[in-house]
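S.K.: Just start.cif, nothing more (mmCIF, C-alpha atoms):
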```cif
data_work
loop_
_atom_site.label_atom_id
_atom_site.label_comp_id
_atom_site.auth_asym_id
_atom_site.auth_seq_id
_atom_site.Cartn_x
_atom_site.Cartn_y
_atom_site.Cartn_z
CA MET A 1 38.93 -125.02 -60.47
CA THR A 2 41.51 -127.75 -60.04
CA THR A 3 44.88 -126.23 -59.37
CA HIS A 4 46.89 -129.39 -59.01
CA SER A 5 46.73 -133.08 -59.65
CA HIS A 6 48.80 -135.80 -58.02
CA ASP A 7 48.14 -138.43 -60.64
CA HIS A 8 51.23 -137.57 -62.65
CA PRO A 9 54.86 -137.85 -61.54
CA ASN A 10 56.35 -134.59 -60.39
CA PRO A 11 60.08 -134.52 -61.19
CA TYR A 12 61.05 -132.11 -58.47
CA HIS A 13 59.69 -134.20 -55.65
CA GLU A 14 63.16 -135.65 -55.16
CA SER A 15 62.15 -137.67 -52.11
CA GLU A 16 59.40 -139.40 -54.09
CA ARG A 17 61.64 -140.46 -56.96
CA ASP A 18 61.27 -144.10 -57.88
CA GLU A 19 64.10 -146.60 -57.59
CA ALA A 20 64.23 -147.27 -61.34
CA THR A 21 65.03 -143.59 -61.98
CA ASN A 22 67.66 -143.55 -59.28
CA LYS A 23 69.28 -146.68 -60.71
CA ALA A 24 69.30 -145.30 -64.25
CA MET A 25 70.70 -141.96 -63.07
CA THR A 26 73.36 -143.67 -60.98
CA GLU A 27 74.57 -145.60 -64.03
CA ARG A 28 74.51 -142.51 -66.24
CA VAL A 29 76.38 -140.37 -63.71
CA ASP A 30 78.96 -143.09 -63.01
CA LYS A 31 79.73 -143.18 -66.74
CA MET A 32 80.09 -139.40 -66.84
CA GLU A 33 82.36 -139.44 -63.80
CA ALA A 34 84.60 -142.14 -65.32
CA LEU A 35 84.74 -140.22 -68.62
CA LEU A 36 85.61 -136.89 -67.00
CA LEU A 37 88.32 -138.57 -64.88
CA GLU A 38 89.80 -140.27 -67.94
CA LYS A 39 89.81 -136.99 -69.82
CA GLY A 40 91.54 -135.16 -67.01
CA LEU A 41 88.65 -132.71 -66.58
CA VAL A 42 88.17 -133.60 -62.92
CA SER A 43 90.28 -135.22 -60.21
CA LYS A 44 88.95 -137.73 -57.74
CA GLU A 45 90.17 -135.66 -54.79
CA GLY A 46 88.68 -132.49 -56.26
CA ILE A 47 85.17 -133.88 -56.59
CA GLU A 48 85.36 -135.55 -53.18
CA LYS A 49 86.39 -132.23 -51.67
CA LEU A 50 83.47 -130.43 -53.29
CA ALA A 51 80.98 -133.00 -52.06
CA ASP A 52 82.43 -132.80 -48.56
CA ILE A 53 82.37 -128.99 -48.32
CA TYR A 54 78.82 -128.59 -49.55
CA GLU A 55 77.36 -131.59 -47.76
CA ASN A 56 79.08 -131.10 -44.41
CA ASP A 57 80.77 -127.72 -43.92
CA LEU A 58 78.35 -125.11 -45.24
CA GLY A 59 74.74 -124.72 -44.25
CA PRO A 60 72.15 -122.50 -42.59
CA MET A 61 73.93 -122.78 -39.24
CA ASN A 62 76.33 -120.18 -40.65
CA GLY A 63 73.57 -117.75 -41.58
CA ALA A 64 71.95 -118.31 -38.18
CA LYS A 65 75.17 -117.11 -36.52
CA VAL A 66 75.13 -113.98 -38.69
CA VAL A 67 71.51 -113.20 -37.81
CA ALA A 68 71.99 -113.93 -34.10
CA ARG A 69 74.96 -111.55 -34.04
CA ALA A 70 72.86 -108.89 -35.76
CA TRP A 71 70.15 -109.31 -33.12
CA VAL A 72 72.48 -108.87 -30.15
CA ASP A 73 74.93 -106.36 -31.61
CA ALA A 74 73.38 -103.21 -33.10
CA ASP A 75 76.72 -102.04 -34.50
CA PHE A 76 77.20 -105.34 -36.28
CA LYS A 77 73.68 -105.10 -37.70
CA GLN A 78 74.47 -101.67 -39.12
CA ARG A 79 77.63 -103.02 -40.73
CA LEU A 80 75.66 -106.01 -42.07
CA LEU A 81 73.06 -103.74 -43.65
CA ALA A 82 75.73 -101.41 -45.05
CA ASP A 83 78.15 -104.04 -46.43
CA ALA A 84 76.96 -107.58 -45.86
CA THR A 85 79.92 -109.26 -47.57
CA ALA A 86 82.39 -107.59 -45.20
CA ALA A 87 80.23 -108.09 -42.11
CA ILE A 88 79.68 -111.76 -42.87
CA ALA A 89 83.43 -112.15 -43.39
CA GLU A 90 83.92 -110.96 -39.79
CA LEU A 91 82.35 -114.26 -38.75
CA GLY A 92 84.61 -116.18 -41.12
CA PHE A 93 82.09 -116.88 -43.86
CA GLY A 94 82.38 -116.06 -47.55
CA GLY A 95 83.33 -117.44 -50.93
CA LEU A 96 81.62 -119.08 -53.88
CA GLN A 97 78.10 -117.75 -54.45
CA GLY A 98 78.53 -115.30 -51.60
CA GLU A 99 80.99 -112.91 -53.22
CA HIS A 100 78.50 -110.02 -53.22
CA MET A 101 76.14 -110.29 -50.26
CA VAL A 102 73.25 -108.00 -49.41
CA ALA A 103 71.24 -108.34 -46.18
CA LYS A 104 67.63 -107.18 -45.88
CA GLU A 105 65.90 -106.71 -42.55
CA ASN A 106 62.32 -107.79 -41.94
CA THR A 107 60.30 -105.42 -39.75
CA ALA A 108 56.70 -104.97 -38.67
CA ASP A 109 56.08 -103.03 -41.89
CA ILE A 110 58.32 -104.70 -44.48
CA HIS A 111 58.68 -108.38 -45.29
CA ASN A 112 61.54 -109.44 -47.58
CA VAL A 113 61.68 -112.77 -49.40
CA VAL A 114 64.30 -114.08 -51.86
CA VAL A 115 64.04 -116.06 -55.10
CA CYS A 116 65.94 -116.81 -58.28
CA THR A 117 63.26 -117.07 -60.97
CA LEU A 118 65.74 -117.94 -63.76
CA CYS A 119 67.68 -120.73 -62.06
CA SER A 120 68.60 -121.35 -58.41
CA CYS A 121 70.99 -118.60 -57.23
CA TYR A 122 71.39 -118.80 -53.46
CA PRO A 123 73.94 -117.61 -50.85
CA TRP A 124 75.96 -120.81 -50.41
CA PRO A 125 78.47 -119.65 -47.74
CA VAL A 126 75.74 -118.69 -45.27
CA LEU A 127 72.88 -121.06 -46.19
CA GLY A 128 74.57 -123.98 -47.99
CA LEU A 129 72.91 -125.45 -51.07
CA PRO A 130 69.24 -124.57 -51.58
CA PRO A 131 66.39 -126.86 -50.52
CA SER A 132 64.29 -128.52 -53.22
CA TRP A 133 61.38 -126.17 -52.70
CA TYR A 134 63.56 -123.12 -53.48
CA LYS A 135 64.54 -124.72 -56.80
CA SER A 136 61.01 -125.88 -57.64
CA PHE A 137 59.11 -124.48 -60.60
CA ALA A 138 56.20 -123.71 -58.28
CA TYR A 139 58.24 -121.39 -56.07
CA ARG A 140 60.34 -119.80 -58.81
CA SER A 141 57.30 -118.94 -60.90
CA LYS A 142 54.81 -117.84 -58.28
CA ILE A 143 56.64 -115.92 -55.55
CA VAL A 144 57.06 -112.80 -57.70
CA ILE A 145 53.39 -112.56 -58.69
CA GLU A 146 51.54 -114.02 -55.69
CA PRO A 147 53.97 -113.72 -52.79
CA ARG A 148 51.27 -113.67 -50.10
CA GLU A 149 49.76 -116.94 -51.35
CA VAL A 150 53.22 -118.53 -51.42
CA LEU A 151 54.04 -117.30 -47.93
CA ALA A 152 50.72 -118.71 -46.72
CA GLU A 153 51.82 -122.13 -47.99
CA PHE A 154 54.68 -121.84 -45.51
CA GLY A 155 52.27 -120.84 -42.76
CA THR A 156 53.21 -117.17 -42.93
CA THR A 157 50.28 -114.79 -43.11
CA LEU A 158 50.85 -111.05 -43.37
CA SER A 159 48.46 -108.19 -42.91
CA ASP A 160 47.59 -106.15 -46.00
CA ASP A 161 49.49 -103.23 -44.47
CA VAL A 162 52.80 -105.05 -44.69
CA GLU A 163 54.81 -104.35 -47.82
CA VAL A 164 56.15 -107.55 -49.36
CA ARG A 165 59.46 -107.12 -51.12
CA VAL A 166 60.55 -110.00 -53.35
CA TRP A 167 64.25 -110.06 -54.30
CA ASP A 168 64.90 -111.83 -57.61
CA SER A 169 68.59 -112.87 -57.69
CA SER A 170 69.21 -112.21 -61.38
CA ALA A 171 72.88 -111.18 -61.06
CA GLU A 172 75.72 -112.26 -58.73
CA ILE A 173 74.29 -110.36 -55.76
CA ARG A 174 73.12 -112.87 -53.12
CA TYR A 175 70.49 -111.94 -50.57
CA LEU A 176 70.15 -112.90 -46.91
CA VAL A 177 67.02 -111.98 -44.96
CA ILE A 178 67.42 -110.87 -41.35
CA PRO A 179 64.17 -112.11 -39.79
CA GLU A 180 62.52 -110.25 -36.91
CA GLN A 181 63.66 -111.32 -33.48
CA PRO A 182 60.63 -112.88 -31.75
CA GLU A 183 59.32 -111.31 -28.58
CA GLY A 184 60.35 -112.99 -25.38
CA THR A 185 63.83 -113.94 -26.57
CA GLU A 186 65.62 -110.82 -25.30
CA ASN A 187 67.36 -112.75 -22.55
CA LEU A 188 68.69 -115.55 -24.72
CA SER A 189 72.40 -115.66 -25.47
CA GLU A 190 73.75 -115.21 -29.00
CA GLY A 191 74.37 -118.96 -29.18
CA GLU A 192 70.87 -119.77 -27.97
CA LEU A 193 69.38 -117.38 -30.51
CA ALA A 194 71.33 -119.01 -33.35
CA GLU A 195 69.69 -122.31 -32.39
CA ILE A 196 66.17 -121.01 -33.07
CA ILE A 197 66.91 -119.33 -36.43
CA GLU A 198 65.89 -121.69 -39.22
CA ARG A 199 66.89 -121.67 -42.87
CA ASP A 200 63.49 -120.72 -44.26
CA SER A 201 63.33 -117.55 -42.16
CA MET A 202 66.60 -116.37 -43.74
CA ILE A 203 65.11 -116.87 -47.23
CA GLY A 204 62.08 -114.96 -45.98
CA VAL A 205 59.25 -117.49 -46.27
CA THR A 206 58.81 -117.95 -42.51
CA LYS A 207 59.24 -115.99 -39.30
CA VAL A 208 61.33 -117.09 -36.34
CA ASN A 209 59.33 -118.46 -33.43
CA ALA A 210 60.32 -118.13 -29.79
CA PRO A 211 61.31 -121.50 -28.30
CA MET B 1 66.53 -116.77 -75.96
CA ASN B 2 63.01 -117.62 -74.87
CA ASN B 3 62.54 -120.76 -72.86
CA ILE B 4 60.71 -122.10 -69.86
CA HIS B 5 63.52 -121.28 -67.41
CA ASP B 6 62.22 -117.70 -67.48
CA MET B 7 59.16 -118.69 -65.45
CA GLY B 8 58.65 -115.75 -63.11
CA GLY B 9 54.98 -114.76 -63.05
CA MET B 10 53.35 -118.14 -63.80
CA THR B 11 50.90 -119.44 -61.24
CA GLN B 12 49.89 -123.02 -62.11
CA PHE B 13 52.85 -125.21 -61.14
CA GLY B 14 50.96 -126.46 -58.12
CA PRO B 15 51.83 -126.48 -54.42
CA ILE B 16 55.40 -125.84 -53.38
CA PRO B 17 57.04 -129.19 -52.54
CA GLN B 18 58.20 -128.83 -48.95
CA GLU B 19 60.15 -131.53 -47.20
CA SER B 20 61.06 -131.59 -43.53
CA ASN B 21 64.59 -132.60 -42.52
CA GLU B 22 65.59 -132.57 -46.14
CA PRO B 23 69.06 -133.98 -46.88
CA VAL B 24 71.48 -131.84 -48.92
CA PHE B 25 71.43 -134.54 -51.60
CA HIS B 26 68.70 -137.14 -52.13
CA ALA B 27 70.99 -139.71 -53.74
CA GLU B 28 74.71 -140.30 -54.25
CA TRP B 29 74.33 -139.53 -57.95
CA GLU B 30 73.01 -136.06 -57.14
CA LYS B 31 76.08 -135.37 -55.03
CA LYS B 32 78.31 -136.53 -57.88
CA VAL B 33 76.52 -134.36 -60.44
CA PHE B 34 76.89 -131.33 -58.18
CA ALA B 35 80.62 -131.97 -57.70
CA LEU B 36 81.28 -132.79 -61.38
CA ASN B 37 79.45 -129.67 -62.50
CA ILE B 38 81.38 -127.29 -60.23
CA ALA B 39 84.73 -129.04 -60.78
CA THR B 40 84.45 -129.00 -64.59
CA LEU B 41 83.78 -125.25 -64.60
CA ALA B 42 87.58 -124.94 -64.60
CA PHE B 43 87.36 -126.05 -68.26
CA LEU B 44 83.70 -125.68 -69.24
CA GLY B 45 82.90 -122.42 -67.45
CA PRO B 46 82.28 -119.61 -66.77
CA VAL B 47 79.16 -120.09 -64.68
CA ASP B 48 77.22 -117.98 -67.20
CA ARG B 49 77.86 -120.63 -69.84
CA ALA B 50 76.71 -123.30 -67.39
CA ARG B 51 73.46 -121.47 -66.73
CA HIS B 52 72.90 -120.96 -70.45
CA ALA B 53 73.50 -124.66 -71.17
CA VAL B 54 70.57 -125.58 -68.92
CA GLU B 55 68.44 -122.83 -70.44
CA ARG B 56 68.97 -124.35 -73.89
CA MET B 57 67.42 -127.66 -72.88
CA ASP B 58 64.35 -128.84 -74.77
CA THR B 59 61.40 -127.27 -72.99
CA VAL B 60 59.54 -130.51 -72.31
CA GLU B 61 62.73 -132.24 -71.16
CA TYR B 62 63.46 -129.30 -68.84
CA LEU B 63 60.05 -129.59 -67.21
CA ASN B 64 60.33 -133.35 -66.87
CA SER B 65 63.82 -133.29 -65.37
CA SER B 66 64.74 -132.93 -61.75
CA TYR B 67 67.24 -130.28 -60.70
CA TYR B 68 70.40 -132.40 -60.87
CA GLN B 69 69.20 -134.12 -64.04
CA ARG B 70 69.27 -130.67 -65.58
CA TRP B 71 72.77 -130.06 -64.19
CA LEU B 72 73.97 -133.29 -65.78
CA ARG B 73 72.54 -132.20 -69.14
CA GLY B 74 74.41 -128.95 -68.66
CA ILE B 75 77.75 -130.79 -68.41
CA GLU B 76 76.91 -132.79 -71.54
CA ILE B 77 75.91 -129.70 -73.52
CA MET B 78 78.97 -127.65 -72.52
CA GLY B 79 81.34 -130.59 -72.95
CA LYS B 80 80.11 -131.17 -76.49
CA ASP B 81 80.08 -127.46 -77.40
CA LEU B 82 83.71 -127.11 -76.36
CA GLY B 83 84.85 -130.32 -78.04
CA TYR B 84 85.69 -132.23 -74.87
CA LEU B 85 82.86 -134.80 -75.07
CA SER B 86 80.93 -136.64 -77.77
CA ASP B 87 77.56 -138.39 -77.63
CA GLU B 88 79.24 -141.77 -78.04
CA GLU B 89 81.64 -141.08 -75.18
CA ILE B 90 78.77 -139.93 -72.95
CA ALA B 91 76.81 -143.10 -73.77
CA THR B 92 79.70 -145.44 -73.08
CA GLY B 93 81.62 -143.56 -70.40
CA LYS B 94 84.85 -144.23 -72.28
CA GLU B 95 87.15 -141.77 -74.02
CA ILE B 96 87.45 -142.03 -77.80
CA ASN B 97 89.13 -138.76 -78.78
CA HIS B 98 91.31 -136.82 -76.37
CA LYS B 99 91.31 -133.04 -76.30
CA GLU B 100 94.27 -131.56 -74.46
CA THR B 101 93.35 -129.59 -71.36
CA PRO B 102 95.07 -126.23 -70.82
CA HIS B 103 95.96 -127.13 -67.21
CA PRO B 104 95.54 -130.04 -64.79
CA ALA B 105 92.14 -130.70 -63.20
CA PRO B 106 91.66 -128.83 -59.90
CA ASP B 107 92.92 -130.78 -56.91
CA ALA B 108 91.49 -130.65 -53.40
CA ALA B 109 93.48 -127.55 -52.44
CA MET B 110 92.32 -125.67 -55.53
CA ILE B 111 88.72 -126.66 -54.84
CA GLU B 112 89.08 -125.43 -51.27
CA GLY B 113 90.46 -122.16 -52.60
CA LEU B 114 87.60 -121.81 -55.07
CA SER B 115 85.00 -122.41 -52.39
CA ARG B 116 86.63 -120.05 -49.90
CA GLY B 117 87.63 -117.33 -52.35
CA GLY B 118 84.75 -117.45 -54.80
CA VAL B 119 84.71 -115.84 -58.21
CA PRO B 120 83.92 -112.14 -57.76
CA ALA B 121 81.93 -110.63 -60.64
CA ASP B 122 82.63 -106.96 -59.89
CA ARG B 123 85.24 -105.02 -61.83
CA GLU B 124 87.11 -101.76 -61.27
CA ASP B 125 86.63 -100.59 -64.84
CA GLY B 126 86.03 -96.96 -64.00
CA ARG B 127 82.86 -96.77 -66.08
CA ALA B 128 80.62 -94.09 -64.62
CA PRO B 129 77.00 -95.11 -64.09
CA ALA B 130 74.51 -93.41 -66.40
CA TYR B 131 71.75 -93.59 -63.80
CA LYS B 132 71.48 -92.72 -60.14
CA VAL B 133 69.38 -93.96 -57.26
CA GLY B 134 65.83 -92.66 -57.62
CA ASP B 135 65.89 -92.59 -61.43
CA LYS B 136 62.97 -94.18 -63.26
CA VAL B 137 64.15 -96.58 -65.94
CA LEU B 138 62.52 -98.71 -68.63
CA VAL B 139 63.73 -102.26 -69.20
CA ARG B 140 64.43 -102.49 -72.91
CA ASN B 141 62.56 -105.15 -74.84
CA LEU B 142 65.48 -106.69 -76.71
CA GLU B 143 65.42 -110.00 -78.52
CA SER B 144 68.30 -112.22 -77.45
CA LYS B 145 69.36 -115.44 -79.12
CA GLY B 146 71.77 -116.20 -76.31
CA HIS B 147 72.15 -115.87 -72.55
CA ASN B 148 70.29 -112.99 -70.97
CA ARG B 149 69.31 -112.20 -67.37
CA ALA B 150 66.54 -109.65 -67.93
CA THR B 151 63.45 -111.62 -67.04
CA ASN B 152 60.47 -111.43 -69.37
CA TYR B 153 58.26 -110.17 -66.58
CA VAL B 154 60.19 -106.88 -66.31
CA LYS B 155 60.83 -106.25 -70.03
CA GLY B 156 59.04 -103.13 -71.23
CA LYS B 157 58.23 -102.18 -67.62
CA VAL B 158 59.26 -99.07 -65.71
CA GLY B 159 60.98 -99.37 -62.35
CA GLU B 160 62.98 -97.21 -59.96
CA ILE B 161 66.67 -97.65 -59.28
CA THR B 162 67.23 -98.27 -55.59
CA HIS B 163 70.90 -99.23 -55.54
CA PHE B 164 74.04 -99.03 -57.64
CA ASN B 165 76.21 -102.14 -57.21
CA GLY B 166 79.32 -101.07 -59.10
CA SER B 167 80.40 -102.60 -62.40
CA HIS B 168 79.73 -106.30 -62.92
CA VAL B 169 80.60 -108.74 -65.69
CA LEU B 170 77.76 -108.92 -68.25
CA PRO B 171 76.50 -112.54 -68.54
CA ASP B 172 75.19 -111.95 -72.06
CA SER B 173 78.70 -111.66 -73.45
CA HIS B 174 80.63 -113.67 -70.85
CA ALA B 175 78.54 -116.81 -71.48
CA HIS B 176 79.56 -116.77 -75.14
CA ASP B 177 83.30 -116.00 -74.91
CA LEU B 178 82.64 -112.43 -76.03
CA GLY B 179 84.47 -110.78 -73.17
CA GLU B 180 83.37 -109.50 -69.80
CA ASN B 181 81.81 -106.23 -71.01
CA SER B 182 81.60 -105.18 -67.36
CA GLN B 183 79.17 -102.35 -66.73
CA PRO B 184 77.06 -100.73 -64.02
CA LEU B 185 74.68 -103.12 -62.26
CA TYR B 186 71.61 -101.64 -60.60
CA THR B 187 68.95 -102.96 -58.28
CA VAL B 188 65.58 -101.85 -59.66
CA ARG B 189 62.25 -101.86 -57.86
CA PHE B 190 58.99 -102.65 -59.68
CA GLU B 191 55.54 -102.27 -58.15
CA ALA B 192 53.16 -105.23 -58.41
CA LYS B 193 50.68 -103.02 -60.25
CA THR B 194 53.29 -102.23 -62.91
CA LEU B 195 54.24 -105.87 -63.40
CA TRP B 196 50.98 -107.74 -63.18
CA GLY B 197 48.15 -105.38 -64.06
CA GLU B 198 46.65 -101.99 -63.39
CA ASN B 199 43.84 -103.65 -61.40
CA VAL B 200 46.37 -104.94 -58.84
CA ASP B 201 46.25 -102.99 -55.59
CA ARG B 202 48.21 -105.19 -53.18
CA LYS B 203 51.26 -103.70 -51.55
CA ASP B 204 53.88 -105.94 -53.15
CA CYS B 205 56.98 -105.19 -55.17
CA VAL B 206 59.87 -106.99 -56.82
CA TYR B 207 63.51 -105.94 -56.71
CA ILE B 208 65.74 -107.31 -59.45
CA ASP B 209 69.36 -106.68 -60.46
CA LEU B 210 69.77 -105.32 -63.99
CA TRP B 211 72.80 -104.28 -66.04
CA GLU B 212 72.96 -100.85 -67.65
CA ASP B 213 72.65 -102.22 -71.21
CA TYR B 214 69.25 -103.62 -70.25
CA LEU B 215 67.92 -100.17 -69.35
CA GLU B 216 66.95 -96.89 -70.94
CA THR B 217 65.74 -93.53 -69.70
CA VAL B 218 61.99 -93.14 -69.37
#
```
Now, as a test, write the supplied structure out as structure tokens.
M.R.:
Amino acid sequence: MTTHSHDHPNPYHESERDEATNKAMTERVDKMEALLLEKGLVSKEGIEKLADIYENDLGPMNGAKVVARAWVDADFKQRLLADATAAIAELGFGGLQGEHMVAKENTADIHNVVVCTLCSCYPWPVLGLPPSWYKSFAYRSKIVIEPREVLAEFGTTLSDDVEVRVWDSSAEIRYLVIPEQPEGTENLSEGELAEIIERDSMIGVTKVNAP
Amino acid sequence: MNNIHDMGGMTQFGPIPQESNEPVFHAEWEKKVFALNIATLAFLGPVDRARHAVERMDTVEYLNSSYYQRWLRGIEIMGKDLGYLSDEEIATGKEINHKETPHPAPDAAMIEGLSRGGVPADREDGRAPAYKVGDKVLVRNLESKGHNRATNYVKGKVGEITHFNGSHVLPDSHAHDLGENSQPLYTVRFEAKTLWGENVDRKDCVYIDLWEDYLETV
């Protein structure tokens, strides 16, 4: 059975988009921007500020600090699991698309993974904007029904004994996965730990590897 | 409303497109669409309306559009619905008819405030939850012509409430200017066997957040 064919263009492979499409979209978006400016529906400084915040200020380095703190500070981890929004705010993070945070801890027996099947809901203050794969039809559709196959695509294989919990972000609750701390990293500092915690592990599709 | 956005449970969209060292935006136009979409929510929002606009896209167009192409269509759809934009204006990029805005466009400080402060969806409305943690509930199979966040794959299925999240604004009404209708929001757990078939024996489950109006007692 053929499950996929590469002989047709796939619109969500953003990096493979052809130049003609980019040129046409650039022209279309420039017109929309000019129109919205003329109509007073946006300001130049407002849209520049938005682009700057979400391209430069917010990203998975924030979530990595939250997870690293949870690994080294058991009290913080308890607060994170009890009220993630408040605990994350202790580190200075919060805001749009992170108003109602919930943290879920991966263990030897339970593996949590996050999706938004209906659109692309994602915890912006701690992870930034979502990667293309998180927004792809393939991920959104399949993770709820065949999570183990999806995780295997990310190189994550789980034993049948492990319970896989998929969190579908259908409301304004936003989920952050606390991955397992890898063995052999007990002597690393909080800052060193944050360096090894990658985005995908906080969505729940990968584990964290020791350096 | 039934459309392709409600895609949870399909299996044939192919491999997941992974990209190493992926940039936040793949082109300048994507960055602009992101910023224009969020900034115009001050007039075109709430976010529930924005989500519904994308859901209303033609199915084939939806599937053939990239993520930020869909966001751009969302701005066009909302702008036209609310009388701010016309097809001719969108095609030319020039204003023909002006609709007064209720307030100035958000400046950099207001955008900073929005990003930092967010838009909380919980409400202190005092409504007591009808269900408690541990209760088994059935997701009602209700036809909806508008915005709705109960996914098809849980409709008619029985799950167990694992968490009460307080009262939250109901997207079904908020997206259509019908008020917030805030009400208890629960996290509900469904076993893979319940969702996908009685012959399923793998140890998987899905947790999803559902409003009280979506649920009924088993």
S.K.: Which residues are near region 152-154 of chain B? Cut-off 12 Å, only C-alpha atoms, ignore same chain within fewer than 4 positions. Put them as a PyMOL selection string.
M.R.: (chain A and resi 117-118+141-142+144-145+168+170) or (chain B and resi 1-10+137-144+148+158-160+188-197+205-210+214-215)
S.K.: Using C-alpha atoms, can you export the residues from the last selection as a short mmCIF file (atom, residue, chain, number, x, y, z; two decimals), in the frame of the given file?
M.R.:
```
data_model
loop_
_atom_site.label_atom_id
_atom_site.label_comp_id
_atom_site.auth_asym_id
_atom_site.auth_seq_id
_atom_site.Cartn_x
_atom_site.Cartn_y
_atom_site.Cartn_z
CA THR A 117 63.26 -117.07 -60.97
CA LEU A 118 65.74 -117.94 -63.76
CA SER A 141 57.30 -118.94 -60.90
CA LYS A 142 54.81 -117.84 -58.28
CA VAL A 144 57.06 -112.80 -57.70
CA ILE A 145 53.39 -112.56 -58.69
CA ASP A 168 64.90 -111.83 -57.61
CA SER A 170 69.21 -112.21 -61.38
CA MET B 1 66.53 -116.77 -75.96
CA ASN B 2 63.01 -117.62 -74.87
CA ASN B 3 62.54 -120.76 -72.86
CA ILE B 4 60.71 -122.10 -69.86
CA HIS B 5 63.52 -121.28 -67.41
CA ASP B 6 62.22 -117.70 -67.48
CA MET B 7 59.16 -118.69 -65.45
CA GLY B 8 58.65 -115.75 -63.11
CA GLY B 9 54.98 -114.76 -63.05
CA MET B 10 53.35 -118.14 -63.80
CA VAL B 137 64.15 -96.58 -65.94
CA LEU B 138 62.52 -98.71 -68.63
CA VAL B 139 63.73 -102.26 -69.20
CA ARG B 140 64.43 -102.49 -72.91
CA ASN B 141 62.56 -105.15 -74.84
CA LEU B 142 65.48 -106.69 -76.71
CA GLU B 143 65.42 -110.00 -78.52
CA SER B 144 68.30 -112.22 -77.45
CA ASN B 148 70.29 -112.99 -70.97
CA VAL B 158 59.26 -99.07 -65.71
CA GLY B 159 60.98 -99.37 -62.35
CA GLU B 160 62.98 -97.21 -59.96
CA VAL B 188 65.58 -101.85 -59.66
CA ARG B 189 62.25 -101.86 -57.86
CA PHE B 190 58.99 -102.65 -59.68
CA GLU B 191 55.54 -102.27 -58.15
CA ALA B 192 53.16 -105.23 -58.41
CA LYS B 193 50.68 -103.02 -60.25
CA THR B 194 53.29 -102.23 -62.91
CA LEU B 195 54.24 -105.87 -63.40
CA TRP B 196 50.98 -107.74 -63.18
CA GLY B 197 48.15 -105.38 -64.06
CA CYS B 205 56.98 -105.19 -55.17
CA VAL B 206 59.87 -106.99 -56.82
CA TYR B 207 63.51 -105.94 -56.71
CA ILE B 208 65.74 -107.31 -59.45
CA ASP B 209 69.36 -106.68 -60.46
CA LEU B 210 69.77 -105.32 -63.99
CA TYR B 214 69.25 -103.62 -70.25
CA LEU B 215 67.92 -100.17 -69.35
#
```
S.K.: Residues of chain A within 7 Å of chain B, counting only C-alpha atoms - could you list those as a PyMOL selection string?
M.R.: chain A and resi 3-4+11-15+25-26+29+31-32+34-35+38-43+45-47+49-51+55+94-97+99+117-119+129+133+137-142+144-145+163-172
S.K.: In Å, with one decimal, what is the gap from CA of Ala24 (chain A) to CA of Ala53 (chain B)?
M.R.: 22.2 Å
S.K.: Considering only C-alpha atoms, state which residue in the set A:Ile173, A:Leu37, A:Leu158, A:Met61 is at the smallest distance from Ile110 (chain A).
M.R.: A:Leu158
S.K.: Report the distance between CA of Glu27 (chain A) and CA of Lys80 (chain B) in Å, rounded to one decimal place.
M.R.: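 Separation between CA of Glu27 (chain A) and CA of Lys80 (chain B): 19.9 Å.
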S.K.: If I take CA of Gly155 (chain A) and CA of Ala108 (chain A), how far is one from the other in Å, to one decimal?
M.R.: 17.0 Å
S.K.: For region 22-39 of chain B, take all atoms listed in the file, fit an axis-aligned box around them, add 5 Å to each of the six sides, then output centre and edge lengths in Å rounded to one decimal, as JSON.
M.R.:
```
{"center_x": 75.2, "center_y": -133.8, "center_z": -54.3, "size_x": 29.1, "size_y": 23.0, "size_z": 26.4}
```
S.K.: Just want the 10 Å neighbourhood of Glu105 (chain A), counted on all atoms listed in the file, with same-chain residues fewer than 5 positions away dropped. Output as a list in words.
M.R.: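 Answer for this query is Val67, Ala70, Lys77, Leu80, Leu81, Ile110, His111, Asn112, Leu176, Val177, Ile178, Pro179, Glu180, Met202 and Gly204 of chain A.
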S.K.: Missing atoms in region 65-71 of chain B need filling: write out N, CA and C atoms for it as a PDB file, keeping the file's coordinate frame.
M.R.:
```pdb
ATOM      1  N   SER B  65      62.563-132.925 -66.026  1.00  0.00           N
ATOM      2  CA  SER B  65      63.820-133.290 -65.370  1.00  0.00           C
ATOM      3  C   SER B  65      63.880-132.721 -63.969  1.00  0.00           C
ATOM      4  N   SER B  66      64.496-133.466 -63.079  1.00  0.00           N
ATOM      5  CA  SER B  66      64.740-132.930 -61.750  1.00  0.00           C
ATOM      6  C   SER B  66      65.954-131.992 -61.816  1.00  0.00           C
ATOM      7  N   TYR B  67      66.203-131.314 -60.729  1.00  0.00           N
ATOM      8  CA  TYR B  67      67.240-130.280 -60.700  1.00  0.00           C
ATOM      9  C   TYR B  67      68.608-130.818 -61.140  1.00  0.00           C
ATOM     10  N   TYR B  68      69.064-131.904 -60.522  1.00  0.00           N
ATOM     11  CA  TYR B  68      70.400-132.400 -60.870  1.00  0.00           C
ATOM     12  C   TYR B  68      70.402-133.166 -62.190  1.00  0.00           C
ATOM     13  N   GLN B  69      69.265-133.610 -62.665  1.00  0.00           N
ATOM     14  CA  GLN B  69      69.200-134.120 -64.040  1.00  0.00           C
ATOM     15  C   GLN B  69      69.496-132.989 -65.016  1.00  0.00           C
ATOM     16  N   ARG B  70      68.991-131.809 -64.707  1.00  0.00           N
ATOM     17  CA  ARG B  70      69.270-130.670 -65.580  1.00  0.00           C
ATOM     18  C   ARG B  70      70.751-130.285 -65.512  1.00  0.00           C
ATOM     19  N   TRP B  71      71.331-130.373 -64.315  1.00  0.00           N
ATOM     20  CA  TRP B  71      72.770-130.060 -64.190  1.00  0.00           C
ATOM     21  C   TRP B  71      73.630-131.042 -64.986  1.00  0.00           C
TER      22      TRP B  71
END
```
